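Text of the file protein_27.cif, holding mmCIF, C-alpha atoms:
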data_entry
loop_
_atom_site.group_PDB
_atom_site.id
_atom_site.type_symbol
_atom_site.label_atom_id
_atom_site.label_comp_id
_atom_site.auth_asym_id
_atom_site.auth_seq_id
_atom_site.Cartn_x
_atom_site.Cartn_y
_atom_site.Cartn_z
ATOM 1 C CA MET A 1 0.000 0.000 0.000
ATOM 2 C CA ASN A 2 1.474 3.358 -1.026
ATOM 3 C CA MET A 3 1.484 6.522 1.069
ATOM 4 C CA LYS A 4 -1.555 8.080 -0.629
ATOM 5 C CA SER A 5 -3.614 4.945 -0.072
ATOM 6 C CA MET A 6 -2.564 4.801 3.560
ATOM 7 C CA LEU A 7 -3.523 8.455 4.034
ATOM 8 C CA PHE A 8 -6.898 7.839 2.427
ATOM 9 C CA TRP A 9 -7.856 4.934 4.690
ATOM 10 C CA MET A 10 -6.485 6.648 7.788
ATOM 11 C CA THR A 11 -8.595 9.758 7.211
ATOM 12 C CA LEU A 12 -11.739 7.912 6.090
ATOM 13 C CA PRO A 13 -13.383 7.890 9.561
ATOM 14 C CA VAL A 14 -13.056 11.672 9.696
ATOM 15 C CA MET A 15 -14.392 12.301 6.189
ATOM 16 C CA LEU A 16 -17.202 9.757 6.141
ATOM 17 C CA PRO A 17 -19.719 11.704 8.291
ATOM 18 C CA GLN A 18 -19.208 14.803 6.142
ATOM 19 C CA ALA A 19 -19.680 12.748 2.977
ATOM 20 C CA VAL A 20 -22.879 11.112 4.281
ATOM 21 C CA LEU A 21 -24.356 14.499 5.228
ATOM 22 C CA LEU A 22 -23.458 15.945 1.850
ATOM 23 C CA ARG A 23 -25.074 13.038 0.004
ATOM 24 C CA ARG A 24 -28.324 13.643 1.907
ATOM 25 C CA ARG A 25 -28.400 17.398 1.286
ATOM 26 C CA ALA A 26 -26.907 17.683 -2.212
ATOM 27 C CA PRO A 27 -29.308 18.919 -4.899
ATOM 28 C CA ARG A 28 -30.395 16.394 -7.513
ATOM 29 C CA PHE A 29 -30.454 17.826 -11.030
ATOM 30 C CA PRO A 30 -32.135 16.039 -13.957
ATOM 31 C CA SER A 31 -30.442 14.766 -17.072
ATOM 32 C CA ALA A 32 -30.405 17.057 -20.096
ATOM 33 C CA ALA A 33 -33.543 17.149 -22.192
ATOM 34 C CA GLY A 34 -33.798 16.543 -25.904
ATOM 35 C CA PRO A 35 -33.128 13.567 -28.186
ATOM 36 C CA CYS A 36 -30.331 11.184 -27.175
ATOM 37 C CA GLU A 37 -28.981 11.262 -30.715
ATOM 38 C CA GLY A 38 -28.441 13.814 -33.437
ATOM 39 C CA SER A 39 -26.082 14.999 -36.147
ATOM 40 C CA VAL A 40 -24.027 18.068 -36.963
ATOM 41 C CA GLY A 41 -21.795 19.267 -39.787
ATOM 42 C CA ASP A 42 -21.251 18.437 -43.429
ATOM 43 C CA GLY A 43 -18.659 16.183 -45.031
ATOM 44 C CA ALA A 44 -17.540 12.607 -44.533
ATOM 45 C CA LEU A 45 -19.766 10.695 -42.135
ATOM 46 C CA VAL A 46 -18.396 9.549 -38.771
ATOM 47 C CA ARG A 47 -20.307 8.062 -35.867
ATOM 48 C CA LEU A 48 -19.723 9.147 -32.272
ATOM 49 C CA LEU A 49 -21.101 7.204 -29.297
ATOM 50 C CA ALA A 50 -20.793 8.445 -25.702
ATOM 51 C CA ILE A 51 -21.448 6.117 -22.768
ATOM 52 C CA GLY A 52 -21.215 6.440 -19.010
ATOM 53 C CA ASP A 53 -22.407 8.566 -16.130
ATOM 54 C CA SER A 54 -24.181 11.887 -15.499
ATOM 55 C CA ILE A 55 -21.679 13.752 -17.675
ATOM 56 C CA VAL A 56 -22.892 11.723 -20.663
ATOM 57 C CA ALA A 57 -26.488 12.159 -19.476
ATOM 58 C CA GLY A 58 -25.838 15.900 -19.676
ATOM 59 C CA VAL A 59 -26.656 16.909 -16.111
ATOM 60 C CA GLY A 60 -26.040 20.653 -15.886
ATOM 61 C CA ALA A 61 -27.062 21.392 -19.482
ATOM 62 C CA ARG A 62 -30.513 22.114 -20.857
ATOM 63 C CA LEU A 63 -30.165 19.865 -23.911
ATOM 64 C CA LEU A 64 -27.923 16.933 -24.779
ATOM 65 C CA SER A 65 -26.804 18.838 -27.850
ATOM 66 C CA LYS A 66 -25.308 21.414 -25.430
ATOM 67 C CA ALA A 67 -23.794 18.786 -23.124
ATOM 68 C CA LEU A 68 -20.624 16.734 -23.557
ATOM 69 C CA VAL A 69 -21.636 14.544 -26.491
ATOM 70 C CA GLY A 70 -23.235 17.337 -28.505
ATOM 71 C CA GLN A 71 -20.365 19.758 -27.843
ATOM 72 C CA THR A 72 -17.774 17.125 -28.769
ATOM 73 C CA ALA A 73 -19.642 16.318 -31.977
ATOM 74 C CA ALA A 74 -19.885 19.995 -32.933
ATOM 75 C CA ALA A 75 -16.192 20.615 -32.249
ATOM 76 C CA LEU A 76 -15.169 17.492 -34.163
ATOM 77 C CA ALA A 77 -17.343 18.440 -37.129
ATOM 78 C CA GLU A 78 -15.810 21.908 -37.232
ATOM 79 C CA ARG A 79 -12.211 20.722 -36.861
ATOM 80 C CA GLY A 80 -12.408 17.979 -39.440
ATOM 81 C CA GLY A 81 -15.074 19.197 -41.845
ATOM 82 C CA LEU A 82 -17.097 16.126 -40.918
ATOM 83 C CA HIS A 83 -20.716 15.067 -40.673
ATOM 84 C CA VAL A 84 -20.906 13.662 -37.135
ATOM 85 C CA GLN A 85 -23.799 11.453 -36.080
ATOM 86 C CA TRP A 86 -23.830 11.213 -32.282
ATOM 87 C CA GLN A 87 -25.611 9.181 -29.638
ATOM 88 C CA ALA A 88 -25.501 9.378 -25.836
ATOM 89 C CA ILE A 89 -26.151 6.539 -23.387
ATOM 90 C CA GLY A 90 -25.638 7.885 -19.883
ATOM 91 C CA GLN A 91 -27.119 7.522 -16.420
ATOM 92 C CA THR A 92 -26.574 9.478 -13.227
ATOM 93 C CA GLY A 93 -24.735 7.492 -10.554
ATOM 94 C CA MET A 94 -23.245 4.980 -12.980
ATOM 95 C CA THR A 95 -20.086 3.173 -11.873
ATOM 96 C CA ALA A 96 -17.790 1.060 -14.007
ATOM 97 C CA ARG A 97 -19.006 -2.187 -12.456
ATOM 98 C CA ARG A 98 -22.660 -1.268 -12.820
ATOM 99 C CA PHE A 99 -22.162 -0.325 -16.450
ATOM 100 C CA ILE A 100 -20.471 -3.657 -17.141
ATOM 101 C CA ASP A 101 -23.281 -5.568 -15.438
ATOM 102 C CA THR A 102 -26.275 -3.664 -16.840
ATOM 103 C CA ARG A 103 -25.378 -1.819 -20.044
ATOM 104 C CA LEU A 104 -22.711 -3.643 -22.046
ATOM 105 C CA ASP A 105 -25.168 -6.056 -23.635
ATOM 106 C CA THR A 106 -27.538 -3.232 -24.601
ATOM 107 C CA LEU A 107 -25.082 -1.101 -26.588
ATOM 108 C CA PRO A 108 -25.908 -0.386 -30.253
ATOM 109 C CA SER A 109 -24.973 -3.051 -32.757
ATOM 110 C CA GLN A 110 -23.854 -0.445 -35.282
ATOM 111 C CA ALA A 111 -20.226 0.296 -34.523
ATOM 112 C CA PRO A 112 -19.134 3.884 -33.853
ATOM 113 C CA ASP A 113 -15.942 5.334 -35.242
ATOM 114 C CA TYR A 114 -15.275 7.039 -31.922
ATOM 115 C CA LEU A 115 -16.473 5.926 -28.505
ATOM 116 C CA ILE A 116 -16.308 8.352 -25.575
ATOM 117 C CA VAL A 117 -16.386 6.817 -22.095
ATOM 118 C CA SER A 118 -17.046 8.904 -18.987
ATOM 119 C CA LEU A 119 -16.881 6.919 -15.758
ATOM 120 C CA GLY A 120 -14.986 7.153 -12.492
ATOM 121 C CA VAL A 121 -16.406 9.941 -10.337
ATOM 122 C CA ASN A 122 -18.977 7.610 -8.775
ATOM 123 C CA ASP A 123 -16.300 4.960 -8.272
ATOM 124 C CA VAL A 124 -14.263 7.539 -6.345
ATOM 125 C CA THR A 125 -17.171 8.641 -4.173
ATOM 126 C CA SER A 126 -18.462 5.104 -3.577
ATOM 127 C CA LEU A 127 -15.092 4.114 -2.078
ATOM 128 C CA SER A 128 -14.022 1.637 -4.736
ATOM 129 C CA THR A 129 -10.389 0.651 -4.332
ATOM 130 C CA VAL A 130 -7.889 1.584 -7.020
ATOM 131 C CA SER A 131 -7.129 -2.069 -7.708
ATOM 132 C CA ARG A 132 -10.828 -2.855 -8.181
ATOM 133 C CA TRP A 133 -11.124 0.164 -10.484
ATOM 134 C CA GLN A 134 -8.261 -1.131 -12.621
ATOM 135 C CA ILE A 135 -9.823 -4.592 -12.830
ATOM 136 C CA ASN A 136 -13.142 -3.100 -13.921
ATOM 137 C CA LEU A 137 -11.450 -0.895 -16.506
ATOM 138 C CA ARG A 138 -9.694 -3.862 -18.101
ATOM 139 C CA THR A 139 -12.977 -5.777 -18.189
ATOM 140 C CA LEU A 140 -14.679 -2.793 -19.792
ATOM 141 C CA PHE A 141 -11.936 -2.111 -22.336
ATOM 142 C CA ASP A 142 -11.726 -5.789 -23.289
ATOM 143 C CA ALA A 143 -15.474 -5.939 -23.880
ATOM 144 C CA LEU A 144 -15.651 -2.681 -25.824
ATOM 145 C CA SER A 145 -12.642 -3.603 -27.964
ATOM 146 C CA GLU A 146 -14.235 -6.942 -28.802
ATOM 147 C CA ARG A 147 -17.612 -5.391 -29.615
ATOM 148 C CA TYR A 148 -16.196 -2.473 -31.622
ATOM 149 C CA PRO A 149 -12.754 -3.614 -32.844
ATOM 150 C CA ASP A 150 -12.265 -0.689 -35.238
ATOM 151 C CA ALA A 151 -13.424 2.093 -32.893
ATOM 152 C CA LEU A 152 -11.146 4.553 -31.130
ATOM 153 C CA ILE A 153 -12.102 4.467 -27.448
ATOM 154 C CA VAL A 154 -11.584 7.884 -25.847
ATOM 155 C CA PHE A 155 -11.704 7.787 -22.054
ATOM 156 C CA ALA A 156 -12.526 11.201 -20.601
ATOM 157 C CA GLY A 157 -10.176 11.872 -17.715
ATOM 158 C CA MET A 158 -11.311 12.579 -14.189
ATOM 159 C CA PRO A 159 -12.575 16.146 -13.778
ATOM 160 C CA PRO A 160 -10.787 18.342 -11.203
ATOM 161 C CA LEU A 161 -12.780 17.191 -8.170
ATOM 162 C CA GLY A 162 -10.569 19.188 -5.839
ATOM 163 C CA GLY A 163 -12.174 22.380 -7.138
ATOM 164 C CA PHE A 164 -15.851 21.415 -7.067
ATOM 165 C CA PRO A 165 -17.824 24.099 -5.137
ATOM 166 C CA LEU A 166 -20.398 21.636 -3.786
ATOM 167 C CA LEU A 167 -17.780 19.778 -1.775
ATOM 168 C CA PRO A 168 -16.881 21.376 1.561
ATOM 169 C CA GLN A 169 -13.356 21.305 2.908
ATOM 170 C CA PRO A 170 -11.611 19.137 3.941
ATOM 171 C CA LEU A 171 -13.764 16.639 1.968
ATOM 172 C CA ARG A 172 -13.027 18.545 -1.249
ATOM 173 C CA ALA A 173 -9.261 18.131 -0.933
ATOM 174 C CA TRP A 174 -9.677 14.480 0.059
ATOM 175 C CA VAL A 175 -11.896 13.657 -2.929
ATOM 176 C CA GLY A 176 -9.617 15.672 -5.200
ATOM 177 C CA MET A 177 -6.631 13.602 -4.143
ATOM 178 C CA ARG A 178 -8.566 10.393 -4.763
ATOM 179 C CA GLY A 179 -9.597 11.635 -8.179
ATOM 180 C CA LYS A 180 -5.993 12.244 -9.200
ATOM 181 C CA VAL A 181 -4.959 8.774 -8.042
ATOM 182 C CA PHE A 182 -7.787 7.171 -10.024
ATOM 183 C CA ASP A 183 -6.991 9.253 -13.094
ATOM 184 C CA GLY A 184 -3.358 8.160 -12.981
ATOM 185 C CA ALA A 185 -4.470 4.538 -12.704
ATOM 186 C CA THR A 186 -6.793 5.041 -15.676
ATOM 187 C CA ALA A 187 -3.990 6.424 -17.835
ATOM 188 C CA GLY A 188 -1.848 3.430 -16.940
ATOM 189 C CA VAL A 189 -4.509 0.902 -17.928
ATOM 190 C CA ALA A 190 -5.292 2.802 -21.141
ATOM 191 C CA ARG A 191 -1.669 2.505 -22.239
ATOM 192 C CA GLU A 192 -2.109 -1.280 -22.308
ATOM 193 C CA TYR A 193 -4.535 -0.938 -25.258
ATOM 194 C CA ASP A 194 -3.763 0.352 -28.747
ATOM 195 C CA SER A 195 -7.395 1.341 -29.261
ATOM 196 C CA VAL A 196 -7.842 3.268 -25.978
ATOM 197 C CA HIS A 197 -6.815 6.889 -25.535
ATOM 198 C CA HIS A 198 -6.989 8.591 -22.133
ATOM 199 C CA VAL A 199 -7.601 12.344 -22.372
ATOM 200 C CA PRO A 200 -6.816 14.425 -19.265
ATOM 201 C CA ILE A 201 -9.582 16.945 -18.627
ATOM 202 C CA GLU A 202 -9.072 20.423 -17.245
ATOM 203 C CA PHE A 203 -11.506 23.281 -16.953
ATOM 204 C CA GLU A 204 -11.761 26.307 -14.699
ATOM 205 C CA THR A 205 -13.103 25.420 -11.267
ATOM 206 C CA THR A 206 -14.487 28.855 -10.508
ATOM 207 C CA PRO A 207 -18.148 28.916 -9.424
ATOM 208 C CA GLY A 208 -19.084 30.317 -12.844
ATOM 209 C CA ALA A 209 -17.897 27.123 -14.522
ATOM 210 C CA PHE A 210 -20.492 24.931 -12.825
ATOM 211 C CA ALA A 211 -24.193 24.298 -12.958
ATOM 212 C CA ASP A 212 -26.214 25.494 -9.983
ATOM 213 C CA ASP A 213 -25.628 22.189 -8.189
ATOM 214 C CA GLY A 214 -21.928 23.050 -7.831
ATOM 215 C CA PHE A 215 -20.934 19.609 -9.074
ATOM 216 C CA HIS A 216 -21.614 19.327 -12.810
ATOM 217 C CA PRO A 217 -20.260 21.499 -15.630
ATOM 218 C CA ASN A 218 -22.460 24.175 -17.116
ATOM 219 C CA GLU A 219 -22.881 24.486 -20.874
ATOM 220 C CA ASP A 220 -19.824 26.705 -21.269
ATOM 221 C CA SER A 221 -17.639 24.159 -19.472
ATOM 222 C CA TYR A 222 -19.148 21.329 -21.491
ATOM 223 C CA ALA A 223 -18.013 23.250 -24.589
ATOM 224 C CA VAL A 224 -14.442 23.379 -23.254
ATOM 225 C CA TYR A 225 -14.659 19.734 -22.206
ATOM 226 C CA GLY A 226 -15.978 18.699 -25.624
ATOM 227 C CA ASP A 227 -13.359 20.681 -27.511
ATOM 228 C CA GLU A 228 -10.572 18.922 -25.588
ATOM 229 C CA LEU A 229 -12.011 15.530 -26.503
ATOM 230 C CA ALA A 230 -12.558 16.545 -30.128
ATOM 231 C CA ALA A 231 -8.966 17.816 -30.363
ATOM 232 C CA ALA A 232 -7.667 14.476 -29.042
ATOM 233 C CA ILE A 233 -9.813 12.547 -31.536
ATOM 234 C CA TYR A 234 -8.761 14.789 -34.402
ATOM 235 C CA ARG A 235 -5.074 14.351 -33.549
ATOM 236 C CA ARG A 236 -5.525 10.576 -33.779
ATOM 237 C CA LEU A 237 -7.562 10.988 -36.971
ATOM 238 C CA ALA A 238 -4.842 13.134 -38.550
#

The structure in this file should be written as structure tokens.
Amino acid sequence: MNMKSMLFWMTLPVMLPQAVLLRRRAPRFPSAAGPCEGSVGDGALVRLLAIGDSIVAGVGARLLSKALVGQTAAALAERGGLHVQWQAIGQTGMTARRFIDTRLDTLPSQAPDYLIVSLGVNDVTSLSTVSRWQINLRTLFDALSERYPDALIVFAGMPPLGGFPLLPQPLRAWVGMRGKVFDGATAGVAREYDSVHHVPIEFETTPGAFADDGFHPNEDSYAVYGDELAAAIYRRLA
């Protein structure tokens, strides 16, 4: 067990009551409205599928077209002169294990060219261990690679949890540290796969960058988020 893991488990009894109280009092925002699929741009056709948690469900945005998948599609279409058909399959509270158990067999049969995966925040907050997270990632990547062998899998990195306004201190710093550890573990697992690309995510953590719940990006931050993912896809495409 490394020093960060030891620190985490040693401080857990102190942080747990604060986390339980926050979970009870935190506002619950709905998923984004609008169709779960759409298209944008003109040119060569590419298909973009986004799967995962509340970020894919678009919590914090009014419409899915203004959330992560829609913003990524728009940025990719503009960068590459492409016609991007997109689809989002996301659910608030989704963990890697739950997605494997409940959603893998229901994914579309038509293969995407690019597959965005957003998972991990709920694994951090539900106290999954790093080793269990790595096991679940390998299971997920193996299954996705088998189902869509020609797709580029783009794993959206952990957002900067240490700057989320909803989280009070010292819980915010504690969760932020956990997020960085998980993100490093994700990058390591992604390097084991030729078809998987981990994209670190950074956006301003000022209050103006978040939805009113203080936990999810607002539409402006989704635009930044989506542009970073589109840039990473376009670099691989080029």

Using all atoms of segment 131-149 of chain A listed in the file and a margin of 5 Å per side, can you give the axis-aligned box centre and edge lengths in Å to one decimal, as AutoDock Vina command-line options?
--center_x -12.4 --center_y -3.4 --center_z -20.3 --size_x 20.5 --size_y 17.1 --size_z 35.1

Inset, instruction - Using only C-alpha atoms, determine which residues lie at most 9 Å from segment 156-163 of chain A, disregarding the query and same-chain residues fewer than 5 positions distant; provide the list as a PyMOL selection string. - result: chain A and resi 116-121+171-180+182-183+186-187+197-206+215+225+229

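Using all atoms listed in the file, the smallest distance between any of A:Asp213, A:Asp194, A:Asp101, A:Asp220 and Leu166 of chain A comes from A:Asp213.
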
Legend entry - Test item: residues at most 9 Å from Pro217 of chain A, only C-alpha atoms, excluding those fewer than 5 positions along its chain, as a ChimeraX atom specification: /A:55,58-61,67,209-211,222,225

Inset, instruction - Apply the PyMOL selection byres ((chain A and resi 76-80) around 10) to the file shown and report the selected residues as a ChimeraX atom specification. - result: /A:39-46,48,70-75,81-85,226-234,237-238

Legend entry - Expected selection from the PyMOL selection byres ((chain A and resi 93-96) around 8), given as a list in words: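 Residues picked by the PyMOL selection byres ((chain A and resi 93-96) around 8): Gly52, Asp53, Ser54, Gly90, Gln91, Thr92, Arg97, Arg98, Phe99, Ile100, Leu119, Gly120, Val121, Asn122, Asp123, Trp133, Asn136, Leu137 and Leu140 of chain A.
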
Inset, instruction - Pick out the closest residue to Asp150 of chain A from this set: A:Leu49, A:Val181, A:Ser195, A:Pro170. Count all atoms listed in the file. - result: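 So, comparing all the options, the nearest one is A:Ser195.
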